[in-house]
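Note: the block below is entry14.cif and it holds mmCIF, C-alpha atoms.
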```cif
data_protein
loop_
_atom_site.label_atom_id
_atom_site.label_comp_id
_atom_site.auth_asym_id
_atom_site.auth_seq_id
_atom_site.Cartn_x
_atom_site.Cartn_y
_atom_site.Cartn_z
CA MET A 1 2.69 -22.33 12.40
CA PHE A 2 0.35 -21.17 15.17
CA ARG A 3 1.77 -23.60 17.75
CA LYS A 4 5.32 -23.78 16.38
CA TYR A 5 5.96 -20.00 16.45
CA PRO A 6 3.62 -18.61 19.12
CA LYS A 7 5.38 -15.23 19.32
CA LEU A 8 4.36 -14.51 15.72
CA PHE A 9 0.70 -14.68 16.69
CA LYS A 10 0.72 -12.72 19.96
CA ASP A 11 0.38 -8.96 20.30
CA PRO A 12 3.80 -7.59 21.37
CA LEU A 13 2.05 -4.51 22.84
CA ILE A 14 4.19 -1.88 21.14
CA GLU A 15 4.20 1.75 22.25
CA HIS A 16 4.24 3.50 18.89
CA PRO A 17 6.16 6.79 18.57
CA ILE A 18 3.31 8.65 16.86
CA TYR A 19 1.78 10.90 19.52
CA ASP A 20 4.53 13.48 19.99
CA LEU A 21 4.09 15.71 16.94
CA ASN A 22 7.38 17.44 17.74
CA LEU A 23 9.42 14.22 17.63
CA PRO A 24 12.23 14.67 15.07
CA PHE A 25 11.72 12.35 12.12
CA SER A 26 15.20 10.89 12.53
CA ASP A 27 14.25 9.86 16.08
CA TYR A 28 10.98 8.40 14.79
CA ILE A 29 12.93 6.23 12.31
CA ASN A 30 15.44 5.12 14.93
CA GLN A 31 12.76 4.24 17.48
CA TYR A 32 10.99 2.06 14.95
CA LYS A 33 14.22 0.37 13.93
CA LYS A 34 14.78 -0.49 17.58
CA ILE A 35 11.21 -1.84 17.90
CA ILE A 36 11.62 -3.97 14.78
CA ALA A 37 15.01 -5.29 15.92
CA GLU A 38 13.62 -6.29 19.33
CA ASN A 39 10.45 -7.99 18.10
CA ARG A 40 10.99 -9.65 14.71
CA LEU A 41 11.89 -13.32 14.74
CA ASP A 42 13.41 -13.62 11.26
CA LEU A 43 16.43 -11.30 11.34
CA GLY A 44 18.84 -14.16 10.67
CA GLU A 45 22.17 -13.47 8.99
CA ASN A 46 21.25 -10.10 7.51
CA PRO A 47 19.27 -8.26 10.20
CA GLN A 48 19.94 -4.74 8.91
CA LYS A 49 18.43 -5.55 5.52
CA ILE A 50 15.17 -6.68 7.12
CA ILE A 51 15.07 -3.82 9.64
CA ASP A 52 15.66 -1.20 6.93
CA ALA A 53 13.08 -2.77 4.62
CA ASN A 54 10.30 -2.53 7.20
CA ALA A 55 11.21 0.74 8.92
CA PRO A 56 10.12 4.26 7.95
CA PHE A 57 12.48 5.98 5.54
CA GLU A 58 13.47 9.44 4.40
CA PHE A 59 14.74 10.29 0.90
CA ARG A 60 16.28 13.76 0.71
CA PRO A 61 16.55 15.19 -2.82
CA GLU A 62 19.94 15.88 -4.39
CA ASN A 63 18.48 18.82 -6.30
CA PRO A 64 15.71 20.15 -4.07
CA LEU A 65 13.06 22.63 -5.10
CA ILE A 66 13.60 25.49 -2.65
CA SER A 67 10.73 27.36 -1.01
CA GLU A 68 10.12 30.83 -2.40
CA LYS A 69 8.31 31.88 0.78
CA HIS A 70 10.28 30.50 3.71
CA ASP A 71 14.04 30.41 4.24
CA GLY A 72 15.37 26.95 5.05
CA LYS A 73 12.31 25.14 3.66
CA LEU A 74 11.76 23.05 0.57
CA LYS A 75 8.87 23.69 -1.75
CA PHE A 76 7.44 20.14 -1.92
CA GLY A 77 7.32 17.01 0.18
CA ALA A 78 5.64 13.62 -0.20
CA LEU A 79 4.39 11.41 2.61
CA MET A 80 4.21 7.72 1.69
CA VAL A 81 1.54 5.54 3.35
CA HIS A 82 1.64 1.76 2.82
CA GLY A 83 -1.26 -0.69 2.86
CA LEU A 84 -2.64 -3.44 5.09
CA LEU A 85 -0.13 -6.22 5.97
CA ASP A 86 2.62 -4.30 4.15
CA SER A 87 5.56 -2.25 5.38
CA CYS A 88 7.27 0.93 4.21
CA PHE A 89 9.22 -1.13 1.66
CA ILE A 90 6.30 -1.21 -0.79
CA MET A 91 6.54 2.60 -1.16
CA ARG A 92 10.26 2.83 -1.91
CA ASP A 93 10.10 2.69 -5.73
CA ILE A 94 7.52 5.47 -5.96
CA GLY A 95 9.34 7.42 -3.25
CA ALA A 96 12.61 7.35 -5.20
CA GLU A 97 10.84 8.72 -8.29
CA LEU A 98 9.34 11.64 -6.36
CA GLN A 99 12.71 12.29 -4.72
CA SER A 100 14.18 12.70 -8.22
CA GLN A 101 11.71 15.56 -8.79
CA GLY A 102 13.26 17.54 -5.95
CA MET A 103 10.82 16.49 -3.23
CA LEU A 104 11.59 15.55 0.35
CA VAL A 105 10.09 12.06 0.68
CA ARG A 106 9.16 10.38 3.94
CA SER A 107 7.20 7.28 4.86
CA VAL A 108 5.28 6.34 7.99
CA LEU A 109 4.89 2.84 9.40
CA LEU A 110 1.27 2.12 10.31
CA PRO A 111 0.93 0.69 13.85
CA GLY A 112 0.82 -3.10 13.85
CA HIS A 113 2.94 -3.48 10.73
CA GLY A 114 6.55 -4.42 10.02
CA ILE A 115 6.94 -6.41 13.26
CA VAL A 116 4.95 -9.65 13.72
CA PRO A 117 1.44 -10.50 12.45
CA GLY A 118 0.13 -10.60 16.03
CA ALA A 119 0.69 -6.86 16.28
CA LEU A 120 -2.51 -6.45 14.23
CA LEU A 121 -4.69 -8.29 16.74
CA ASN A 122 -5.81 -5.19 18.63
CA VAL A 123 -4.85 -2.21 16.49
CA ARG A 124 -7.48 0.39 15.51
CA TYR A 125 -7.59 2.43 12.33
CA GLU A 126 -7.56 5.57 14.48
CA GLU A 127 -3.96 4.68 15.35
CA TRP A 128 -3.15 4.50 11.65
CA LEU A 129 -4.62 7.97 11.23
CA GLN A 130 -2.51 9.23 14.11
CA ALA A 131 0.61 7.94 12.34
CA LEU A 132 -0.50 9.92 9.30
CA ARG A 133 -1.01 13.05 11.41
CA TYR A 134 2.46 12.68 12.87
CA GLY A 135 4.00 12.30 9.40
CA ILE A 136 2.20 15.37 8.08
CA ALA A 137 3.08 17.47 11.14
CA SER A 138 6.72 16.46 10.81
CA LEU A 139 6.88 17.10 7.07
CA LYS A 140 5.15 20.48 7.05
CA LYS A 141 7.91 21.88 9.26
CA GLU A 142 10.26 21.42 6.32
CA VAL A 143 8.12 21.92 3.18
CA ASP A 144 5.48 24.31 1.86
CA HIS A 145 3.33 21.78 0.02
CA ILE A 146 2.58 18.11 0.78
CA PHE A 147 1.52 15.30 -1.52
CA LEU A 148 -0.03 12.30 0.26
CA VAL A 149 0.91 9.09 -1.56
CA GLY A 150 -1.06 6.05 -0.41
CA PHE A 151 -1.19 2.43 -1.49
CA SER A 152 -4.37 0.40 -0.84
CA THR A 153 -5.47 1.06 2.76
CA GLY A 154 -2.86 3.84 2.84
CA ALA A 155 -4.73 5.55 0.00
CA SER A 156 -8.01 5.37 1.91
CA LEU A 157 -6.35 6.73 5.04
CA SER A 158 -4.92 9.60 2.99
CA LEU A 159 -8.32 10.45 1.53
CA TYR A 160 -10.06 10.27 4.89
CA HIS A 161 -7.50 12.52 6.58
CA THR A 162 -7.72 15.04 3.73
CA MET A 163 -11.53 15.12 3.87
CA LEU A 164 -11.29 15.87 7.60
CA ASP A 165 -8.41 18.33 7.38
CA PRO A 166 -7.45 19.52 3.87
CA SER A 167 -5.40 22.51 5.04
CA ASP A 168 -1.91 21.04 4.52
CA ILE A 169 -2.48 18.75 1.53
CA THR A 170 -1.81 19.85 -2.07
CA ALA A 171 -2.88 16.64 -3.85
CA LEU A 172 -3.42 12.90 -3.37
CA ILE A 173 -1.74 10.05 -5.22
CA MET A 174 -3.75 6.86 -4.70
CA LEU A 175 -2.42 3.47 -5.85
CA SER A 176 -4.81 0.48 -5.79
CA PRO A 177 -7.04 2.42 -3.37
CA ALA A 178 -9.19 0.43 -0.94
CA PHE A 179 -12.60 2.05 -1.24
CA LYS A 180 -14.19 -1.34 -0.69
CA ILE A 181 -12.75 -4.74 0.23
CA LYS A 182 -13.76 -7.35 -2.32
CA SER A 183 -15.65 -9.48 0.17
CA ALA A 184 -19.30 -9.66 1.09
CA PHE A 185 -18.32 -10.46 4.68
CA ASP A 186 -15.88 -7.68 5.59
CA PHE A 187 -18.44 -6.09 7.92
CA MET A 188 -18.67 -9.40 9.83
CA SER A 189 -14.93 -9.69 10.41
CA ASN A 190 -15.32 -8.89 14.13
CA TRP A 191 -17.66 -11.87 14.63
CA HIS A 192 -14.96 -13.73 16.54
CA GLU A 193 -14.61 -11.26 19.43
CA PRO A 194 -17.14 -12.80 21.86
CA ILE A 195 -15.56 -16.27 21.69
CA SER A 196 -11.91 -15.81 20.65
CA TRP A 197 -10.75 -15.36 24.25
CA ALA A 198 -11.30 -19.10 24.64
CA MET A 199 -10.01 -20.07 21.17
CA PRO A 200 -7.29 -17.59 20.09
CA LYS A 201 -6.99 -19.20 16.67
CA LEU A 202 -10.44 -17.83 15.80
CA LYS A 203 -8.90 -14.34 15.70
CA TRP A 204 -7.24 -15.24 12.42
CA ALA A 205 -8.79 -15.18 8.95
CA TYR A 206 -5.72 -16.94 7.55
CA ILE A 207 -2.51 -18.35 9.01
CA GLY A 208 0.37 -18.98 6.64
CA LYS A 209 4.09 -19.50 6.63
CA GLU A 210 5.85 -16.13 7.07
CA TYR A 211 8.58 -16.13 4.42
CA ASN A 212 8.11 -12.58 3.07
CA TYR A 213 10.29 -10.27 5.15
CA THR A 214 8.47 -7.12 3.94
CA LYS A 215 4.83 -8.19 4.36
CA TYR A 216 2.67 -10.43 6.56
CA ARG A 217 0.94 -13.44 5.03
CA SER A 218 -1.17 -14.26 8.11
CA ILE A 219 -4.26 -12.07 8.45
CA THR A 220 -6.19 -11.15 11.59
CA PHE A 221 -9.93 -10.65 11.42
CA ASN A 222 -9.42 -7.43 13.34
CA SER A 223 -7.26 -5.89 10.62
CA ILE A 224 -9.91 -6.62 7.97
CA TYR A 225 -12.54 -5.12 10.23
CA GLN A 226 -10.48 -1.96 10.72
CA VAL A 227 -10.32 -1.45 6.95
CA TYR A 228 -14.10 -1.92 6.83
CA ARG A 229 -14.51 0.66 9.61
CA LEU A 230 -12.28 3.08 7.71
CA THR A 231 -14.18 2.74 4.43
CA HIS A 232 -17.45 3.13 6.33
CA ALA A 233 -16.10 6.27 8.02
CA ILE A 234 -15.27 7.77 4.61
CA LYS A 235 -18.86 7.19 3.50
CA GLN A 236 -20.18 8.68 6.73
CA ILE A 237 -18.43 11.97 6.00
CA ASN A 238 -20.42 11.99 2.77
CA HIS A 239 -19.36 9.71 -0.02
CA ASN A 240 -20.58 12.25 -2.58
CA LYS A 241 -18.60 15.11 -1.06
CA LYS A 242 -16.15 16.63 -3.50
CA PRO A 243 -12.53 15.70 -2.68
CA PRO A 244 -10.81 18.79 -1.28
CA CYS A 245 -7.78 18.52 -3.61
CA PRO A 246 -6.83 16.97 -6.97
CA ILE A 247 -6.33 13.20 -7.14
CA PHE A 248 -4.13 10.92 -9.22
CA MET A 249 -5.14 7.23 -9.21
CA SER A 250 -3.64 4.06 -10.64
CA LEU A 251 -5.30 0.66 -10.34
CA SER A 252 -5.99 -2.72 -11.91
CA TYR A 253 -9.49 -3.38 -13.19
CA ASP A 254 -8.99 -7.07 -12.35
CA ASP A 255 -7.97 -6.44 -8.72
CA LEU A 256 -9.25 -9.31 -6.55
CA ILE A 257 -8.42 -7.66 -3.21
CA VAL A 258 -10.36 -4.40 -3.49
CA SER A 259 -13.22 -3.35 -5.72
CA SER A 260 -12.05 -1.48 -8.81
CA GLU A 261 -15.69 -0.77 -9.62
CA ALA A 262 -16.10 1.19 -6.38
CA THR A 263 -12.95 3.21 -7.13
CA ILE A 264 -14.01 3.98 -10.70
CA LYS A 265 -17.47 5.02 -9.49
CA TYR A 266 -15.96 7.41 -6.96
CA PHE A 267 -13.61 8.89 -9.57
CA THR A 268 -16.22 9.40 -12.29
CA GLU A 269 -18.72 10.98 -9.90
CA HIS A 270 -16.27 13.80 -9.13
CA LYS A 271 -15.65 15.99 -12.14
CA ASP A 272 -12.52 17.92 -11.21
CA THR A 273 -10.66 18.25 -14.50
CA ARG A 274 -7.32 18.06 -12.69
CA ASN A 275 -8.01 14.49 -11.53
CA GLN A 276 -6.31 11.69 -13.44
CA MET A 277 -6.53 7.90 -13.48
CA ILE A 278 -4.53 5.09 -15.05
CA LEU A 279 -6.64 1.96 -15.38
CA TYR A 280 -4.91 -1.32 -16.26
CA ILE A 281 -7.40 -3.51 -18.07
CA GLY A 282 -7.37 -6.61 -20.24
CA GLU A 283 -10.05 -5.52 -22.69
CA THR A 284 -11.93 -2.44 -23.80
CA HIS A 285 -14.32 -0.84 -21.32
CA PRO A 286 -17.20 1.56 -22.03
CA LEU A 287 -15.72 4.42 -19.99
CA ASP A 288 -16.16 7.81 -21.61
CA ASP A 289 -13.96 9.99 -19.42
CA PRO A 290 -10.97 11.81 -20.96
CA ARG A 291 -9.27 11.89 -17.54
CA ILE A 292 -8.91 8.10 -17.55
CA ILE A 293 -6.00 6.53 -19.43
CA MET A 294 -6.66 2.86 -20.12
CA ARG A 295 -3.50 0.77 -20.42
CA SER A 296 -3.30 -2.85 -21.45
CA ALA A 297 -2.75 -5.33 -18.63
CA VAL A 298 -1.92 -8.11 -21.09
CA TYR A 299 1.71 -8.92 -21.96
CA PRO A 300 1.67 -12.20 -23.92
CA GLU A 301 5.45 -12.25 -24.28
CA PHE A 302 5.76 -12.41 -20.48
CA ASN A 303 2.67 -14.61 -19.83
CA ILE A 304 1.03 -11.70 -17.99
CA ILE A 305 -2.74 -11.88 -18.37
CA ASN A 306 -3.73 -9.09 -15.96
CA PHE A 307 -2.37 -6.98 -13.09
CA SER A 308 -2.63 -7.82 -9.39
CA HIS A 309 -3.37 -5.48 -6.50
CA ILE A 310 0.21 -5.42 -5.23
CA ALA A 311 1.86 -4.96 -8.64
CA ILE A 312 0.87 -1.32 -9.19
CA PRO A 313 3.53 0.53 -7.10
CA VAL A 314 6.42 -1.87 -7.78
CA ALA A 315 9.13 -1.34 -10.40
CA PRO A 316 10.44 -4.28 -12.46
CA SER A 317 13.89 -3.60 -10.97
CA ASN A 318 12.66 -3.92 -7.38
CA PRO A 319 15.21 -6.07 -5.46
CA HIS A 320 12.50 -8.05 -3.66
CA TYR A 321 9.39 -8.21 -5.89
CA GLY A 322 10.95 -7.43 -9.30
CA MET A 323 12.02 -9.63 -12.21
CA ASN A 324 15.14 -10.71 -10.32
CA GLY A 325 13.74 -10.24 -6.83
CA ASP A 326 14.77 -12.31 -3.81
CA TYR A 327 11.15 -12.99 -2.78
CA PRO A 328 10.43 -16.71 -3.41
CA LEU A 329 7.22 -15.84 -5.28
CA ALA A 330 8.59 -12.86 -7.22
CA SER A 331 7.53 -12.84 -10.87
CA HIS A 332 10.69 -14.12 -12.55
CA ILE A 333 9.10 -13.81 -15.97
CA TYR A 334 12.14 -14.95 -17.96
CA GLU A 335 12.60 -18.19 -16.04
CA LYS A 336 9.24 -20.00 -16.17
CA SER A 337 7.47 -20.64 -19.46
CA ASN A 338 4.58 -22.62 -17.95
CA GLN A 339 3.54 -19.83 -15.59
CA LEU A 340 0.77 -17.28 -15.99
CA TYR A 341 1.08 -14.06 -13.98
CA CYS A 342 -2.10 -12.35 -12.93
CA ALA A 343 -4.35 -11.09 -10.14
CA LEU A 344 -4.81 -13.77 -7.48
CA ASP A 345 -6.33 -14.05 -4.05
CA LYS A 346 -6.10 -17.12 -1.81
CA PRO A 347 -9.29 -18.90 -3.05
CA HIS A 348 -8.31 -18.43 -6.71
CA GLU A 349 -4.75 -19.57 -5.98
CA ILE A 350 -6.02 -22.80 -4.42
CA PHE A 351 -8.51 -23.34 -7.24
CA TYR A 352 -5.92 -22.98 -10.03
CA ASP A 353 -3.40 -25.11 -8.13
CA VAL A 354 -5.95 -27.93 -8.05
CA LEU A 355 -6.63 -27.56 -11.79
CA PHE A 356 -2.90 -27.70 -12.54
CA LYS A 357 -2.30 -30.75 -10.34
CA LEU A 358 -5.22 -32.54 -12.00
CA LYS A 359 -3.69 -31.63 -15.39
CA LEU A 360 -6.82 -29.74 -16.38
CA THR A 361 -4.68 -26.75 -17.35
CA HIS A 362 -1.15 -26.54 -18.75
CA PHE A 363 -0.24 -23.39 -16.82
CA LYS A 364 0.35 -22.61 -13.18
CA ARG A 365 -0.85 -19.21 -11.97
CA GLU A 366 1.05 -16.85 -9.73
CA ARG A 367 0.35 -13.36 -8.51
CA LEU A 368 2.09 -10.68 -10.57
CA THR A 369 4.45 -8.89 -8.19
CA PHE A 370 5.58 -5.88 -10.22
CA ASN A 371 4.21 -3.38 -12.72
CA PRO A 372 5.72 -3.83 -16.23
CA ASP A 373 4.26 -0.41 -17.14
CA PHE A 374 5.87 1.28 -14.13
CA GLN A 375 7.82 3.88 -16.14
CA PHE A 376 4.76 5.06 -18.04
CA MET A 377 2.77 5.34 -14.81
CA VAL A 378 5.59 7.30 -13.18
CA GLN A 379 5.81 9.69 -16.14
CA GLN A 380 2.09 10.43 -15.83
CA MET A 381 2.42 10.83 -12.06
CA LYS A 382 5.30 13.27 -12.50
CA SER A 383 3.32 15.29 -15.03
CA PHE A 384 0.51 15.47 -12.48
CA THR A 385 2.79 16.64 -9.66
CA GLU A 386 4.69 19.07 -11.89
CA SER A 387 1.44 20.90 -12.64
CA PHE A 388 1.70 22.25 -9.08
CA PHE A 389 5.32 23.38 -9.39
CA SER A 390 4.67 26.79 -10.95
#
```
Could you write out this file's structure as structure tokens?
Amino acid sequence: MFRKYPKLFKDPLIEHPIYDLNLPFSDYINQYKKIIAENRLDLGENPQKIIDANAPFEFRPENPLISEKHDGKLKFGALMVHGLLDSCFIMRDIGAELQSQGMLVRSVLLPGHGIVPGALLNVRYEEWLQALRYGIASLKKEVDHIFLVGFSTGASLSLYHTMLDPSDITALIMLSPAFKIKSAFDFMSNWHEPISWAMPKLKWAYIGKEYNYTKYRSITFNSIYQVYRLTHAIKQINHNKKPPCPIFMSLSYDDLIVSSEATIKYFTEHKDTRNQMILYIGETHPLDDPRIIMRSAVYPEFNIINFSHIAIPVAPSNPHYGMNGDYPLASHIYEKSNQLYCALDKPHEIFYDVLFKLKLTHFKRERLTFNPDFQFMVQQMKSFTESFFS
């Protein structure tokens, strides 16, 4: 892959349209669509589908909640912030649900994403924060109150921004939040910098075939290090500082990408009675907190044994990751009886593949790509947001 498709693994040096806070959001979308069209290598026979999937989006409500204070404004808006390696596509299902509540919904594309994996070679998390600032500045011109809705790294970015500047944020919705990467070596992920100029391949933690048009599979060390820097920056503000607004969280206890223990610890240490959490778990857990709803992550009828990191924000009907999705590794639960769906990272995937090939287990394991409890989660999320409507 590295030699066969060199443009995938080089930084295309994009000028991101995130610094002009007065840029109309429609222009922001169009500029990114142009960037994606000029730099992606996989547009093929259906380029618009891929461009639209990766680009920022705007969902305007059919029945908007109108501002009671300002003529021409809506009452509520939601800014969607995706995670590391992802694109805006991962936020579409949640965005559509919030749109149905009368909110103006917009998403931002974090610099380095949605283009080619090499675009993450030199990005800094400060650029991701600037994208967030642009999105907030754009949205607050049209709404009175803003919900920040973040997935994974996007959730951490949302929290960090709100701790620095809470003035425009009504509440946070955090899905699979990345308080801590589940690796003992995340702080060492910039080790390669002194020598990678001579061996560019050392800039990569993993290089894989890019067949997911909404998400990178190849991972730069730099991108991991930027998430580490972000989580460290949150702690530097003061990890025990009370969040400046109410928080709704949803996560998998069995997440192998980020630490659910770190997220639960953060949540339980802050006693705001308005905060809520949905925790997907395979067995009982000694958590005595009435704000936490524990939901089963086990669906024997579908061979689902626990929930993965990426499953949380995705509806079963999702056209890419859902039960009938076009992604080659989508969880087609009705088609494969010898498959277990669960949380997986690369080491576990390799390990279970070896066991299956050696006939030491009767089941293959694949990462669960959607949330079978999506409707319940959305109902709880809507109840949380509606508490601010009066």
Once the PyMOL selection byres ((chain A and resi 17-29) around 10) has been applied to the shown file, what residues remain in the selection, as a ChimeraX atom specification?
-> /A:14-16,30-35,52,55-58,106-111,127-139,141
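Using all atoms listed in the file, the shortest contact distance between Phe179 in chain A and any of A:Ile115, A:Ile247, A:Ala262, A:Ile219 is found at A:Ala262.
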When distances are computed from all atoms listed in the file, which of A:Ile90, A:Ile207, A:Ala78, A:Leu148 shows the smallest separation from Leu8 in chain A?
->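 Result for the nearest residue to Leu8 in chain A: A:Ile207.
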Using all atoms listed in the file, which residues sit within 6 Å of range 302-319 of chain A once same-chain residues fewer than 3 positions away are excluded, as a count of residues only?
-> 18
Please write as a short mmCIF file (atom, residue, chain, number, x, y, z; two decimals) with C-alpha atoms, in the frame of the given file the list of polymer residues whose atoms come within 8 Å of (2.0, 5.1, 1.7), counting only C-alpha atoms and keeping to the coordinates of the file.
```
data_model
loop_
_atom_site.label_atom_id
_atom_site.label_comp_id
_atom_site.auth_asym_id
_atom_site.auth_seq_id
_atom_site.Cartn_x
_atom_site.Cartn_y
_atom_site.Cartn_z
CA LEU A 79 4.39 11.41 2.61
CA MET A 80 4.21 7.72 1.69
CA VAL A 81 1.54 5.54 3.35
CA HIS A 82 1.64 1.76 2.82
CA GLY A 83 -1.26 -0.69 2.86
CA CYS A 88 7.27 0.93 4.21
CA MET A 91 6.54 2.60 -1.16
CA SER A 107 7.20 7.28 4.86
CA VAL A 108 5.28 6.34 7.99
CA LEU A 148 -0.03 12.30 0.26
CA VAL A 149 0.91 9.09 -1.56
CA GLY A 150 -1.06 6.05 -0.41
CA PHE A 151 -1.19 2.43 -1.49
CA GLY A 154 -2.86 3.84 2.84
CA ALA A 155 -4.73 5.55 0.00
#
```
If we count all atoms listed in the file, what is near Tyr216 in chain A at a cut-off of 9 Å, once residues fewer than 3 positions away on the same chain are taken out, given as a compact mmCIF listing (two decimals) with C-alpha atoms, in the coordinates of the input?
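The resulting result.txt:
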```txt
# COMPACT_ATOMS: atom_id res chain seq x y z
CA LEU A 84 -2.64 -3.44 5.09
CA LEU A 85 -0.13 -6.22 5.97
CA ASP A 86 2.62 -4.30 4.15
CA SER A 87 5.56 -2.25 5.38
CA HIS A 113 2.94 -3.48 10.73
CA GLY A 114 6.55 -4.42 10.02
CA ILE A 115 6.94 -6.41 13.26
CA VAL A 116 4.95 -9.65 13.72
CA PRO A 117 1.44 -10.50 12.45
CA GLY A 208 0.37 -18.98 6.64
CA GLU A 210 5.85 -16.13 7.07
CA TYR A 211 8.58 -16.13 4.42
CA ASN A 212 8.11 -12.58 3.07
CA TYR A 213 10.29 -10.27 5.15
CA ILE A 219 -4.26 -12.07 8.45
```
Please list as an mmCIF file with C-alpha atoms, in the coordinates of the input every residue within 12 Å of Glu269 in chain A, counting only C-alpha atoms and excluding residues in the same chain fewer than 3 positions away.
```
data_model
loop_
_atom_site.group_PDB
_atom_site.id
_atom_site.type_symbol
_atom_site.label_atom_id
_atom_site.label_comp_id
_atom_site.auth_asym_id
_atom_site.auth_seq_id
_atom_site.Cartn_x
_atom_site.Cartn_y
_atom_site.Cartn_z
ATOM 1 C CA HIS A 239 -19.360 9.710 -0.020
ATOM 2 C CA ASN A 240 -20.580 12.250 -2.580
ATOM 3 C CA LYS A 241 -18.600 15.110 -1.060
ATOM 4 C CA LYS A 242 -16.150 16.630 -3.500
ATOM 5 C CA PRO A 243 -12.530 15.700 -2.680
ATOM 6 C CA ALA A 262 -16.100 1.190 -6.380
ATOM 7 C CA THR A 263 -12.950 3.210 -7.130
ATOM 8 C CA ILE A 264 -14.010 3.980 -10.700
ATOM 9 C CA LYS A 265 -17.470 5.020 -9.490
ATOM 10 C CA TYR A 266 -15.960 7.410 -6.960
ATOM 11 C CA ASP A 272 -12.520 17.920 -11.210
ATOM 12 C CA THR A 273 -10.660 18.250 -14.500
ATOM 13 C CA ASN A 275 -8.010 14.490 -11.530
ATOM 14 C CA ASP A 289 -13.960 9.990 -19.420
#
```
Can you work out the spacing between CA of Leu344 in chain A and CA of Ser158 in chain A in Å, to one decimal?
-> 25.6 Å
Got a sec to resolve the PyMOL selection byres ((chain A and resi 43) around 12) on this structure and send the residues as a VMD selection string?
-> chain A and resid 36 to 42 44 to 54 115 to 116 211 to 214
Could you check which of A:Phe363, A:Phe76, A:Tyr225, A:Phe248 is closest to Ser390 in chain A, using all atoms listed in the file?
-> A:Phe76
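The shortest atom-to-atom distance to Phe388 in chain A, with all atoms listed in the file taken into account, belongs to A:Arg274 out of A:Arg365, A:Arg229, A:Arg274, A:His332.
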Reconstruct range 116-131 of chain A at the level of N, CA and C atoms, and format the result as a compact mmCIF listing (two decimals), in the frame of the given file.
```
# COMPACT_ATOMS: atom_id res chain seq x y z
N VAL A 116 5.46 -8.28 13.80
CA VAL A 116 4.95 -9.65 13.72
C VAL A 116 3.46 -9.56 13.43
N PRO A 117 2.87 -10.57 12.78
CA PRO A 117 1.44 -10.50 12.45
C PRO A 117 0.54 -10.26 13.66
N GLY A 118 0.94 -10.78 14.83
CA GLY A 118 0.13 -10.60 16.03
C GLY A 118 -0.04 -9.16 16.45
N ALA A 119 0.81 -8.28 15.95
CA ALA A 119 0.69 -6.86 16.28
C ALA A 119 -0.57 -6.23 15.70
N LEU A 120 -1.26 -6.95 14.80
CA LEU A 120 -2.51 -6.45 14.23
C LEU A 120 -3.75 -7.00 14.95
N LEU A 121 -3.55 -7.70 16.04
CA LEU A 121 -4.69 -8.29 16.74
C LEU A 121 -5.60 -7.25 17.39
N ASN A 122 -5.03 -6.16 17.85
CA ASN A 122 -5.81 -5.19 18.63
C ASN A 122 -5.71 -3.76 18.12
N VAL A 123 -5.03 -3.56 17.00
CA VAL A 123 -4.85 -2.21 16.49
C VAL A 123 -6.19 -1.64 16.02
N ARG A 124 -6.29 -0.31 16.00
CA ARG A 124 -7.48 0.39 15.51
C ARG A 124 -7.06 1.35 14.40
N TYR A 125 -7.97 1.56 13.45
CA TYR A 125 -7.59 2.43 12.33
C TYR A 125 -7.32 3.85 12.79
N GLU A 126 -7.86 4.24 13.95
CA GLU A 126 -7.56 5.57 14.48
C GLU A 126 -6.07 5.73 14.78
N GLU A 127 -5.41 4.63 15.14
CA GLU A 127 -3.96 4.68 15.35
C GLU A 127 -3.23 4.88 14.03
N TRP A 128 -3.74 4.28 12.96
CA TRP A 128 -3.15 4.50 11.65
C TRP A 128 -3.27 5.97 11.25
N LEU A 129 -4.43 6.55 11.54
CA LEU A 129 -4.62 7.97 11.23
C LEU A 129 -3.69 8.84 12.05
N GLN A 130 -3.44 8.46 13.29
CA GLN A 130 -2.51 9.23 14.11
C GLN A 130 -1.10 9.18 13.54
N ALA A 131 -0.69 8.04 13.00
CA ALA A 131 0.61 7.94 12.34
C ALA A 131 0.68 8.90 11.16
```
